[in-house]
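*Asks:* Next up, final_12.pdb (PDB, C-alpha atoms and all ligand atoms).
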ATOM      1  CA  MET W   4       0.000   0.000   0.000
ATOM      2  CA  SER W   5       2.624   2.510  -1.021
ATOM      3  CA  ALA W   6       0.531   4.422  -3.573
ATOM      4  CA  LEU W   7       0.676   8.186  -3.381
ATOM      5  CA  LEU W   8      -3.062   8.579  -3.843
ATOM      6  CA  GLU W   9      -5.512   5.784  -3.200
ATOM      7  CA  ILE W  10      -9.243   5.854  -3.873
ATOM      8  CA  GLU W  11     -11.023   3.017  -2.085
ATOM      9  CA  ASP W  12     -14.563   1.981  -2.910
ATOM     10  CA  LEU W  13     -15.694   5.569  -3.504
ATOM     11  CA  ARG W  14     -19.404   6.326  -3.726
ATOM     12  CA  VAL W  15     -20.718   9.678  -4.859
ATOM     13  CA  GLU W  16     -24.406  10.527  -4.993
ATOM     14  CA  PHE W  17     -26.304  13.599  -6.069
ATOM     15  CA  ARG W  18     -29.514  13.911  -4.040
ATOM     16  CA  LEU W  19     -31.845  15.864  -6.267
ATOM     17  CA  ASN W  20     -35.515  16.746  -5.877
ATOM     18  CA  THR W  21     -36.221  14.301  -8.649
ATOM     19  CA  GLY W  22     -34.343  11.471  -6.925
ATOM     20  CA  THR W  23     -30.828  10.237  -6.194
ATOM     21  CA  VAL W  24     -28.240   9.938  -8.951
ATOM     22  CA  THR W  25     -25.418   7.527  -8.143
ATOM     23  CA  ALA W  26     -22.524   9.077 -10.059
ATOM     24  CA  VAL W  27     -19.760   6.919  -8.593
ATOM     25  CA  ASP W  28     -20.631   3.420  -7.444
ATOM     26  CA  GLY W  29     -17.632   1.847  -5.721
ATOM     27  CA  VAL W  30     -14.594   3.084  -7.640
ATOM     28  CA  SER W  31     -11.160   1.988  -6.434
ATOM     29  CA  LEU W  32      -7.942   3.148  -8.058
ATOM     30  CA  HIS W  33      -4.463   4.197  -7.077
ATOM     31  CA  VAL W  34      -1.941   6.677  -8.387
ATOM     32  CA  GLU W  35       1.782   6.073  -8.073
ATOM     33  CA  ALA W  36       4.292   8.901  -7.722
ATOM     34  CA  GLY W  37       5.427  10.217 -11.086
ATOM     35  CA  GLU W  38       3.087   8.185 -13.290
ATOM     36  CA  THR W  39       0.376   9.255 -15.710
ATOM     37  CA  LEU W  40      -2.878   7.465 -14.985
ATOM     38  CA  ALA W  41      -5.713   7.883 -17.451
ATOM     39  CA  VAL W  42      -9.331   7.510 -16.388
ATOM     40  CA  VAL W  43     -11.486   6.839 -19.430
ATOM     41  CA  GLY W  44     -15.141   6.249 -20.064
ATOM     42  CA  GLU W  45     -18.100   7.672 -21.912
ATOM     43  CA  SER W  46     -19.908  10.841 -20.994
ATOM     44  CA  GLY W  47     -21.764  10.413 -17.702
ATOM     45  CA  SER W  48     -19.650   7.484 -16.504
ATOM     46  CA  GLY W  49     -18.585   9.360 -13.376
ATOM     47  CA  LYS W  50     -15.079  10.478 -14.359
ATOM     48  CA  THR W  51     -15.489  14.094 -13.351
ATOM     49  CA  ALA W  52     -17.403  13.288 -10.170
ATOM     50  CA  THR W  53     -14.544  10.958  -9.170
ATOM     51  CA  ALA W  54     -11.902  13.574  -9.954
ATOM     52  CA  LEU W  55     -13.738  16.347  -8.112
ATOM     53  CA  SER W  56     -14.161  14.094  -5.069
ATOM     54  CA  VAL W  57     -10.407  14.024  -4.533
ATOM     55  CA  LEU W  58     -10.465  17.697  -3.559
ATOM     56  CA  ARG W  59     -14.104  17.576  -2.399
ATOM     57  CA  LEU W  60     -15.102  19.988  -5.129
ATOM     58  CA  ASN W  61     -18.451  18.431  -6.027
ATOM     59  CA  PRO W  62     -21.207  20.897  -5.051
ATOM     60  CA  VAL W  63     -22.625  20.113  -1.599
ATOM     61  CA  PRO W  64     -25.630  19.913  -1.684
ATOM     62  CA  PRO W  65     -26.667  18.037  -3.803
ATOM     63  CA  CYS W  66     -23.513  15.879  -3.537
ATOM     64  CA  VAL W  67     -22.975  13.412  -0.692
ATOM     65  CA  TYR W  68     -20.189  10.881  -0.154
ATOM     66  CA  PRO W  69     -21.948   7.847   1.342
ATOM     67  CA  GLY W  70     -18.884   5.613   1.249
ATOM     68  CA  GLY W  71     -15.235   5.143   0.529
ATOM     69  CA  ARG W  72     -11.908   6.703   1.374
ATOM     70  CA  ILE W  73      -9.472   8.861  -0.579
ATOM     71  CA  LEU W  74      -6.033   8.528   0.930
ATOM     72  CA  LEU W  75      -3.131  10.873   0.276
ATOM     73  CA  ASP W  76      -0.033   9.765   2.145
ATOM     74  CA  GLY W  77      -2.406   7.796   4.353
ATOM     75  CA  ARG W  78      -4.684  10.767   5.230
ATOM     76  CA  ASP W  79      -8.367  10.515   4.234
ATOM     77  CA  LEU W  80      -9.291  13.575   2.169
ATOM     78  CA  LEU W  81     -13.010  12.814   2.482
ATOM     79  CA  ARG W  82     -12.859  13.260   6.243
ATOM     80  CA  MET W  83     -10.271  15.982   6.566
ATOM     81  CA  SER W  84     -11.220  19.431   7.927
ATOM     82  CA  GLU W  85     -11.855  22.170   5.347
ATOM     83  CA  LYS W  86      -8.818  23.990   6.716
ATOM     84  CA  ASP W  87      -6.466  21.045   6.146
ATOM     85  CA  LEU W  88      -8.053  20.338   2.782
ATOM     86  CA  ARG W  89      -7.357  23.895   1.629
ATOM     87  CA  ARG W  90      -3.691  23.225   2.267
ATOM     88  CA  VAL W  91      -3.849  20.029   0.202
ATOM     89  CA  ARG W  92      -5.443  21.925  -2.707
ATOM     90  CA  GLY W  93      -2.614  23.398  -4.689
ATOM     91  CA  ASP W  94       0.172  22.328  -2.331
ATOM     92  CA  ASP W  95      -0.260  18.581  -2.779
ATOM     93  CA  ILE W  96      -2.928  18.145  -5.435
ATOM     94  CA  ALA W  97      -3.899  20.603  -8.164
ATOM     95  CA  MET W  98      -6.554  20.384 -10.826
ATOM     96  CA  ILE W  99      -7.088  21.783 -14.300
ATOM     97  CA  PHE W 100     -10.283  21.644 -16.310
ATOM     98  CA  GLN W 101     -11.522  21.557 -19.880
ATOM     99  CA  ASP W 102     -12.578  25.182 -19.881
ATOM    100  CA  PRO W 103     -10.058  27.490 -18.203
ATOM    101  CA  MET W 104     -12.581  30.335 -18.393
ATOM    102  CA  THR W 105     -14.618  28.675 -15.641
ATOM    103  CA  SER W 106     -11.645  28.846 -13.263
ATOM    104  CA  LEU W 107     -10.124  32.164 -14.298
ATOM    105  CA  ASN W 108     -11.497  35.463 -13.079
ATOM    106  CA  PRO W 109     -12.401  37.434 -16.232
ATOM    107  CA  LEU W 110     -11.872  40.764 -14.447
ATOM    108  CA  LYS W 111      -8.320  40.172 -13.263
ATOM    109  CA  ARG W 112      -5.017  40.120 -15.107
ATOM    110  CA  VAL W 113      -3.661  36.578 -15.336
ATOM    111  CA  GLY W 114      -0.378  37.473 -13.627
ATOM    112  CA  ALA W 115      -2.243  38.752 -10.568
ATOM    113  CA  GLN W 116      -4.313  35.564 -10.482
ATOM    114  CA  ILE W 117      -1.182  33.431 -10.433
ATOM    115  CA  ALA W 118       0.361  35.592  -7.685
ATOM    116  CA  GLU W 119      -2.762  35.038  -5.577
ATOM    117  CA  VAL W 120      -2.279  31.291  -5.430
ATOM    118  CA  VAL W 121       1.354  31.491  -4.299
ATOM    119  CA  ARG W 122       1.136  30.623  -0.632
ATOM    120  CA  GLY W 123       3.363  31.417   2.296
ATOM    121  CA  ALA W 124       5.121  34.206   0.425
ATOM    122  CA  SER W 125       5.259  37.976   0.675
ATOM    123  CA  ARG W 126       3.501  39.991  -2.041
ATOM    124  CA  ALA W 127       6.848  40.738  -3.656
ATOM    125  CA  GLU W 128       7.834  37.069  -3.610
ATOM    126  CA  ALA W 129       4.464  36.072  -5.014
ATOM    127  CA  ARG W 130       4.831  38.602  -7.829
ATOM    128  CA  ALA W 131       8.346  37.359  -8.528
ATOM    129  CA  ALA W 132       7.008  33.823  -8.952
ATOM    130  CA  VAL W 133       4.600  34.798 -11.749
ATOM    131  CA  ILE W 134       6.946  35.233 -14.711
ATOM    132  CA  PRO W 135       8.934  32.007 -14.122
ATOM    133  CA  ALA W 136       5.633  30.128 -13.713
ATOM    134  CA  LEU W 137       4.311  31.473 -17.036
ATOM    135  CA  ARG W 138       7.612  30.701 -18.761
ATOM    136  CA  GLU W 139       7.642  27.194 -17.376
ATOM    137  CA  ALA W 140       4.187  26.685 -18.862
ATOM    138  CA  GLY W 141       5.697  27.567 -22.248
ATOM    139  CA  ILE W 142       4.304  31.085 -22.529
ATOM    140  CA  ASN W 143       6.568  33.333 -24.583
ATOM    141  CA  ASP W 144       6.750  37.006 -23.826
ATOM    142  CA  ALA W 145       5.606  36.234 -20.283
ATOM    143  CA  GLU W 146       6.166  39.759 -18.930
ATOM    144  CA  ARG W 147       3.670  41.212 -21.373
ATOM    145  CA  ARG W 148       1.160  38.407 -21.184
ATOM    146  CA  ALA W 149       1.082  38.495 -17.370
ATOM    147  CA  GLY W 150      -0.717  41.819 -17.834
ATOM    148  CA  TYR W 151      -3.410  40.356 -20.076
ATOM    149  CA  TYR W 152      -6.966  39.569 -19.057
ATOM    150  CA  PRO W 153      -8.107  35.991 -19.769
ATOM    151  CA  HIS W 154     -10.210  36.986 -22.801
ATOM    152  CA  GLN W 155      -7.129  38.480 -24.466
ATOM    153  CA  LEU W 156      -5.488  35.050 -24.624
ATOM    154  CA  SER W 157      -6.200  32.143 -26.983
ATOM    155  CA  GLY W 158      -7.700  28.927 -25.600
ATOM    156  CA  GLY W 159      -4.302  27.231 -25.659
ATOM    157  CA  LEU W 160      -2.631  30.089 -23.785
ATOM    158  CA  ARG W 161      -5.431  30.168 -21.232
ATOM    159  CA  GLN W 162      -4.866  26.481 -20.574
ATOM    160  CA  ARG W 163      -1.139  27.211 -20.171
ATOM    161  CA  VAL W 164      -2.008  29.907 -17.619
ATOM    162  CA  MET W 165      -4.106  27.344 -15.727
ATOM    163  CA  ILE W 166      -1.189  24.921 -15.816
ATOM    164  CA  ALA W 167       1.154  27.661 -14.534
ATOM    165  CA  MET W 168      -1.292  28.379 -11.723
ATOM    166  CA  ALA W 169      -1.741  24.690 -10.892
ATOM    167  CA  LEU W 170       1.978  24.004 -10.719
ATOM    168  CA  VAL W 171       3.147  27.055  -8.820
ATOM    169  CA  GLY W 172       2.631  25.198  -5.515
ATOM    170  CA  ARG W 173       4.634  22.205  -6.841
ATOM    171  CA  PRO W 174       1.882  19.616  -6.274
ATOM    172  CA  GLN W 175       2.646  15.900  -6.141
ATOM    173  CA  VAL W 176      -0.457  15.158  -8.191
ATOM    174  CA  LEU W 177      -2.030  17.083 -11.060
ATOM    175  CA  ILE W 178      -5.556  16.064 -11.991
ATOM    176  CA  ALA W 179      -6.372  17.163 -15.532
ATOM    177  CA  ASP W 180     -10.041  16.806 -16.508
ATOM    178  CA  GLU W 181     -10.355  16.793 -20.316
ATOM    179  CA  PRO W 182      -7.606  19.460 -20.474
ATOM    180  CA  THR W 183      -7.398  19.477 -24.269
ATOM    181  CA  THR W 184     -10.932  18.604 -25.358
ATOM    182  CA  ALA W 185     -11.860  22.198 -26.206
ATOM    183  CA  LEU W 186      -8.648  22.843 -28.162
ATOM    184  CA  ASP W 187      -7.838  22.175 -31.793
ATOM    185  CA  VAL W 188      -5.628  19.209 -32.587
ATOM    186  CA  THR W 189      -2.275  21.019 -32.920
ATOM    187  CA  VAL W 190      -2.719  22.951 -29.692
ATOM    188  CA  GLN W 191      -3.961  19.774 -28.025
ATOM    189  CA  ALA W 192      -0.674  18.028 -28.855
ATOM    190  CA  GLN W 193       1.329  20.990 -27.545
ATOM    191  CA  ILE W 194      -0.507  20.993 -24.218
ATOM    192  CA  LEU W 195      -0.108  17.220 -23.834
ATOM    193  CA  ASN W 196       3.612  17.551 -24.553
ATOM    194  CA  LEU W 197       3.874  20.324 -22.001
ATOM    195  CA  LEU W 198       2.174  18.183 -19.348
ATOM    196  CA  ALA W 199       4.490  15.264 -20.132
ATOM    197  CA  GLU W 200       7.542  17.520 -19.926
ATOM    198  CA  LEU W 201       6.493  19.091 -16.610
ATOM    199  CA  ARG W 202       5.636  15.712 -15.169
ATOM    200  CA  GLN W 203       9.142  14.489 -15.973
ATOM    201  CA  ARG W 204      10.851  17.611 -14.716
ATOM    202  CA  HIS W 205       9.035  17.678 -11.395
ATOM    203  CA  GLY W 206       8.313  13.976 -10.934
ATOM    204  CA  MET W 207       4.649  14.673 -10.257
ATOM    205  CA  ALA W 208       1.873  12.212 -10.984
ATOM    206  CA  VAL W 209      -0.754  13.154 -13.563
ATOM    207  CA  VAL W 210      -4.311  11.845 -13.481
ATOM    208  CA  LEU W 211      -5.767  12.442 -16.906
ATOM    209  CA  ILE W 212      -9.526  12.283 -17.253
ATOM    210  CA  THR W 213     -10.513  11.814 -20.868
ATOM    211  CA  HIS W 214     -12.915  10.149 -23.244
ATOM    212  CA  ASP W 215     -10.205  10.111 -25.939
ATOM    213  CA  LEU W 216      -8.351   6.797 -26.100
ATOM    214  CA  GLY W 217      -5.978   8.234 -28.701
ATOM    215  CA  VAL W 218      -4.728  10.653 -26.056
ATOM    216  CA  VAL W 219      -4.429   7.821 -23.530
ATOM    217  CA  ALA W 220      -2.299   5.769 -25.930
ATOM    218  CA  GLU W 221       0.025   8.716 -26.406
ATOM    219  CA  VAL W 222       0.607   9.840 -22.852
ATOM    220  CA  ALA W 223      -0.566   7.429 -20.153
ATOM    221  CA  ASP W 224       1.301   4.656 -18.329
ATOM    222  CA  ARG W 225      -1.793   3.025 -16.875
ATOM    223  CA  VAL W 226      -5.484   3.265 -17.618
ATOM    224  CA  VAL W 227      -8.670   2.778 -15.608
ATOM    225  CA  VAL W 228     -11.822   2.210 -17.669
ATOM    226  CA  VAL W 229     -15.046   3.319 -15.963
ATOM    227  CA  ARG W 230     -18.683   2.794 -16.835
ATOM    228  CA  HIS W 231     -21.822   3.664 -14.886
ATOM    229  CA  GLY W 232     -19.680   4.783 -11.963
ATOM    230  CA  GLN W 233     -17.778   1.503 -11.726
ATOM    231  CA  VAL W 234     -14.331   0.346 -12.796
ATOM    232  CA  VAL W 235     -14.618  -2.021 -15.759
ATOM    233  CA  GLU W 236     -10.930  -2.849 -15.956
ATOM    234  CA  SER W 237      -7.527  -1.351 -15.338
ATOM    235  CA  GLY W 238      -3.916  -2.056 -16.141
ATOM    236  CA  ASP W 239      -0.962  -0.742 -18.048
ATOM    237  CA  VAL W 240      -1.976   0.943 -21.279
ATOM    238  CA  LEU W 241      -0.247  -1.480 -23.640
ATOM    239  CA  SER W 242      -1.811  -4.584 -22.107
ATOM    240  CA  VAL W 243      -5.290  -3.107 -21.836
ATOM    241  CA  PHE W 244      -5.206  -1.768 -25.395
ATOM    242  CA  GLU W 245      -3.670  -4.880 -26.917
ATOM    243  CA  GLN W 246      -5.652  -7.388 -24.906
ATOM    244  CA  PRO W 247      -8.730  -5.772 -23.404
ATOM    245  CA  ALA W 248     -10.339  -8.109 -20.904
ATOM    246  CA  LYS W 249     -13.839  -6.675 -21.228
ATOM    247  CA  ASP W 250     -16.240  -6.234 -24.140
ATOM    248  CA  TYR W 251     -16.901  -2.666 -23.057
ATOM    249  CA  THR W 252     -13.214  -1.749 -23.429
ATOM    250  CA  ARG W 253     -13.140  -3.441 -26.845
ATOM    251  CA  GLU W 254     -16.131  -1.339 -27.917
ATOM    252  CA  LEU W 255     -14.458   1.850 -26.724
ATOM    253  CA  LEU W 256     -11.293   0.925 -28.617
ATOM    254  CA  ARG W 257     -13.239   0.125 -31.771
ATOM    255  CA  ALA W 258     -14.829   3.561 -31.577
ATOM    256  CA  THR W 259     -11.411   5.254 -31.619
ATOM    257  CA  PRO W 260     -10.397   5.833 -35.245
ATOM    258  CA  ARG W 261      -6.941   7.174 -34.450
ATOM    259  CA  LEU W 262      -5.971   3.890 -32.850
ATOM    260  CA  GLU W 263      -7.193   1.777 -35.725
ATOM    261  CA  ARG W 264      -4.887   3.636 -38.038
ATOM    262  CA  ALA W 265      -1.894   3.224 -35.755
TER     263      ALA W 265
HETATM  264  N1  LIG E   1     -23.606  18.680  -9.787
HETATM  265  C1  LIG E   1     -24.359  17.647 -10.176
HETATM  266  N2  LIG E   1     -25.673  17.581  -9.884
HETATM  267  C2  LIG E   1     -26.409  16.536 -10.278
HETATM  268  N3  LIG E   1     -25.942  15.480 -10.966
HETATM  269  C3  LIG E   1     -24.654  15.477 -11.289
HETATM  270  C4  LIG E   1     -23.782  16.565 -10.931
HETATM  271  N4  LIG E   1     -22.536  16.279 -11.399
HETATM  272  C5  LIG E   1     -22.629  15.088 -12.021
HETATM  273  N5  LIG E   1     -23.890  14.599 -11.958
HETATM  274  C6  LIG E   1     -24.355  13.314 -12.522
HETATM  275  O1  LIG E   1     -23.430  12.305 -12.169
HETATM  276  C7  LIG E   1     -23.222  11.397 -13.260
HETATM  277  C8  LIG E   1     -21.764  11.327 -13.595
HETATM  278  O2  LIG E   1     -21.344  12.566 -14.141
HETATM  279  P1  LIG E   1     -19.835  12.943 -14.466
HETATM  280  O3  LIG E   1     -19.813  14.385 -14.830
HETATM  281  O4  LIG E   1     -18.947  12.496 -13.377
HETATM  282  O5  LIG E   1     -19.545  12.063 -15.765
HETATM  283  P2  LIG E   1     -18.327  12.133 -16.758
HETATM  284  O6  LIG E   1     -17.905  10.736 -16.995
HETATM  285  O7  LIG E   1     -17.297  13.073 -16.245
HETATM  286  O8  LIG E   1     -18.990  12.713 -18.064
HETATM  287  P3  LIG E   1     -18.517  13.902 -19.024
HETATM  288  O9  LIG E   1     -17.437  13.299 -19.859
HETATM  289  O10 LIG E   1     -19.750  14.227 -19.797
HETATM  290  O11 LIG E   1     -18.058  15.017 -18.136
HETATM  291  C9  LIG E   1     -24.097  11.887 -14.381
HETATM  292  O12 LIG E   1     -25.306  11.164 -14.346
HETATM  293  C10 LIG E   1     -24.347  13.337 -14.040
HETATM  294  O13 LIG E   1     -25.571  13.780 -14.546
END
I need this file expressed as structure tokens, please.

*Replies:*
Amino acid sequence: MSALLEIEDLRVEFRLNTGTVTAVDGVSLHVEAGETLAVVGESGSGKTATALSVLRLNPVPPCVYPGGRILLDGRDLLRMSEKDLRRVRGDDIAMIFQDPMTSLNPLKRVGAQIAEVVRGASRAEARAAVIPALREAGINDAERRAGYYPHQLSGGLRQRVMIAMALVGRPQVLIADEPTTALDVTVQAQILNLLAELRQRHGMAVVLITHDLGVVAEVADRVVVVRHGQVVESGDVLSVFEQPAKDYTRELLRATPRLERA
């Protein structure tokens, strides 16, 4: 049991007026230090609800966590105080999403937003951390772009800003939920390369949530296939892709044209 992050038999429900939706129905998975783990499945399979549970970011209400544990270095994130959890967010585990506009403040310059998430530093130190963070995320002309508002940047650059912001606290785990889905194919490849490069440089683990098995084949070490809130199968990417154990995984693979060509 030496995994960095361990999800054990997680259950996530949304208690709505119309009834209870079980989004995650007993998911177990683990993340090793430094690896890229992909979580794949169709829309509605519970990928995002699982990812958001790690930092308890599902909206409460309607979300409840009726069962399971999420262990980081042996501490259960589902039962930790809000105060301790805030320290975990960013310092230990960071998250990026499909649409950076939902996480960026449209009224603030991006440099100021990055400075805000630098913790335990003076204002001057926080400001000094901004330009290196933008550069590390592959943003050219960082001094100028730090003064831009989110809408003045392209989708790819906005995602790079989110990555800069996520990594400024040097987390051990980065959870990326469909980070390239909204981007065109060339930019998508650039962002995936950036994530791979940063993962190597800092030895962090990446949990990549995606419905795109082509992306998984390119960047992940291991894969967990989910359906209806449950794990269908998991294993290293080559074995699962070459010899899927379950019909559902075979169907998903058949529906991925980029892999058929490979
Ligand atoms: N805030 C919420 N309120 C109510 N139901 C929710 C909420 N978030 C998720 N759900 C429900 O939980 C189930 C799982 O959703 P989830 O977003 O985790 O799936 P997903 O695999 O990430 O799909 P997608 O790829 O479309 O994001 C779905 O039935 C969804 O409608």

*Asks:* Counting all atoms listed in the file, find the residues whose atoms lie at most 12 Å from (-14.1, 41.5, -16.4) (file coordinates) and write them out as a list in words.

*Replies:* Met104, Leu107, Asn108, Pro109, Leu110, Lys111, Arg112, Val113, Tyr151, Tyr152, Pro153, His154 and Gln155 of chain W

*Asks:* Which residues sit within 9 Å of ligand LIG 1 (chain E), counting all atoms listed in the file, listed as a count of residues only?

*Replies:* 38

*Asks:* On this structure, the PyMOL selection byres (((chain W and resi 176) around 12) and not hetatm) would catch which residues? List them as number ranges by chain, sorted by chain and number.

*Replies:* W: 6-9, 33-40, 54, 57-58, 75-76, 91-99, 169-170, 172-175, 177-179, 198, 201-202, 205-211

*Asks:* Please provide the set of residues having any atom within 8 Å of W:Val222, restricted to all atoms listed in the file, with same-chain residues fewer than 3 positions apart removed, written as a ChimeraX atom specification.

*Replies:* /W:39,195,199,218-219

*Asks:* Could you jot down the atom CA of W:Val227 to atom CA of W:Gly29 separation for me, Å, one decimal place?

*Replies:*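 About the pair atom CA of W:Val227 and atom CA of W:Gly29: they are 13.4 Å apart.
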
*Asks:* Mind checking which residues fall within 10 Å of W:Ala115, counting only C-alpha atoms, ignoring those fewer than 4 positions away in the same chain, and posting them as JSON, numbers by chain?

*Replies:* {"W": [111, 119, 120, 129, 130, 133, 149, 150, 151, 152]}

*Asks:* Which value, in Å to one decimal, gives the distance between atom CA of W:Arg89 and atom CA of W:Arg122?

*Replies:*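 Separation between atom CA of W:Arg89 and atom CA of W:Arg122: 11.1 Å.
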
*Asks:* To one decimal place, how far is atom CA of W:Glu85 from atom CA of W:Glu11 in Å?

*Replies:*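 Between these atoms lies a distance of 20.6 Å.
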
*Asks:* Can you give me, as a PDB file with C-alpha atoms, in the frame of the given file, the residues this file yields under the PyMOL selection byres (((chain W and resi 165) around 9) and not hetatm)?

*Replies:*
ATOM      1  CA  MET W  98      -6.554  20.384 -10.826  1.00  0.00           C
ATOM      2  CA  ILE W  99      -7.088  21.783 -14.300  1.00  0.00           C
ATOM      3  CA  PHE W 100     -10.283  21.644 -16.310  1.00  0.00           C
ATOM      4  CA  PRO W 103     -10.058  27.490 -18.203  1.00  0.00           C
ATOM      5  CA  SER W 106     -11.645  28.846 -13.263  1.00  0.00           C
ATOM      6  CA  LEU W 107     -10.124  32.164 -14.298  1.00  0.00           C
ATOM      7  CA  ILE W 117      -1.182  33.431 -10.433  1.00  0.00           C
ATOM      8  CA  ALA W 140       4.187  26.685 -18.862  1.00  0.00           C
ATOM      9  CA  LEU W 160      -2.631  30.089 -23.785  1.00  0.00           C
ATOM     10  CA  ARG W 161      -5.431  30.168 -21.232  1.00  0.00           C
ATOM     11  CA  GLN W 162      -4.866  26.481 -20.574  1.00  0.00           C
ATOM     12  CA  ARG W 163      -1.139  27.211 -20.171  1.00  0.00           C
ATOM     13  CA  VAL W 164      -2.008  29.907 -17.619  1.00  0.00           C
ATOM     14  CA  ILE W 166      -1.189  24.921 -15.816  1.00  0.00           C
ATOM     15  CA  ALA W 167       1.154  27.661 -14.534  1.00  0.00           C
ATOM     16  CA  MET W 168      -1.292  28.379 -11.723  1.00  0.00           C
ATOM     17  CA  ALA W 169      -1.741  24.690 -10.892  1.00  0.00           C
ATOM     18  CA  LEU W 170       1.978  24.004 -10.719  1.00  0.00           C
TER      19      LEU W 170
END

*Asks:* Check what the PyMOL selection byres (((chain W and resi 30) around 6) and not hetatm) selects in the file above and give those residues as JSON, numbers by chain.

*Replies:* {"W": [12, 13, 29, 31, 233, 234]}

*Asks:* Keeping only C-alpha atoms, take the residues you just selected and write them out as a PDB file, keeping the file's coordinate frame.

*Replies:*
ATOM      1  CA  ASP W  12     -14.563   1.981  -2.910  1.00  0.00           C
ATOM      2  CA  LEU W  13     -15.694   5.569  -3.504  1.00  0.00           C
ATOM      3  CA  GLY W  29     -17.632   1.847  -5.721  1.00  0.00           C
ATOM      4  CA  SER W  31     -11.160   1.988  -6.434  1.00  0.00           C
ATOM      5  CA  GLN W 233     -17.778   1.503 -11.726  1.00  0.00           C
ATOM      6  CA  VAL W 234     -14.331   0.346 -12.796  1.00  0.00           C
TER       7      VAL W 234
END

*Asks:* Measuring atom to atom with all atoms listed in the file, identify which of W:Leu88, W:Asp144, W:Val42, W:Ala248 is nearest to W:Leu60.

*Replies:*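 So, comparing all the options, the nearest one is W:Leu88.
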
*Asks:* Report the centre and edge lengths, in Å to one decimal, of an axis-aligned box enclosing every atom of stretch 248-257 of chain W listed in the file, padded by 6 Å on each side, as AutoDock Vina command-line options.

*Replies:*
--center_x -13.6 --center_y -3.1 --center_z -26.3 --size_x 18.6 --size_y 22.0 --size_z 22.9

*Asks:* For W:Glu236, which of W:Arg257, W:Leu32, W:Leu74, W:Pro182 is the closest residue, counting only C-alpha atoms?

*Replies:*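 Selected residue with least distance to W:Glu236: W:Leu32.
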
*Asks:* When you count only C-alpha atoms, which of these residues is closest to W:Asp28: W:Glu254, W:Glu139, W:Val235, W:Arg204?

*Replies:*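 Nearest to W:Asp28: W:Val235.
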
*Asks:* For W:Val226, which of W:Thr252, W:Val67, W:Arg82, W:Gln203 is the closest residue, counting only C-alpha atoms?

*Replies:*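 Nearest to W:Val226: W:Thr252.
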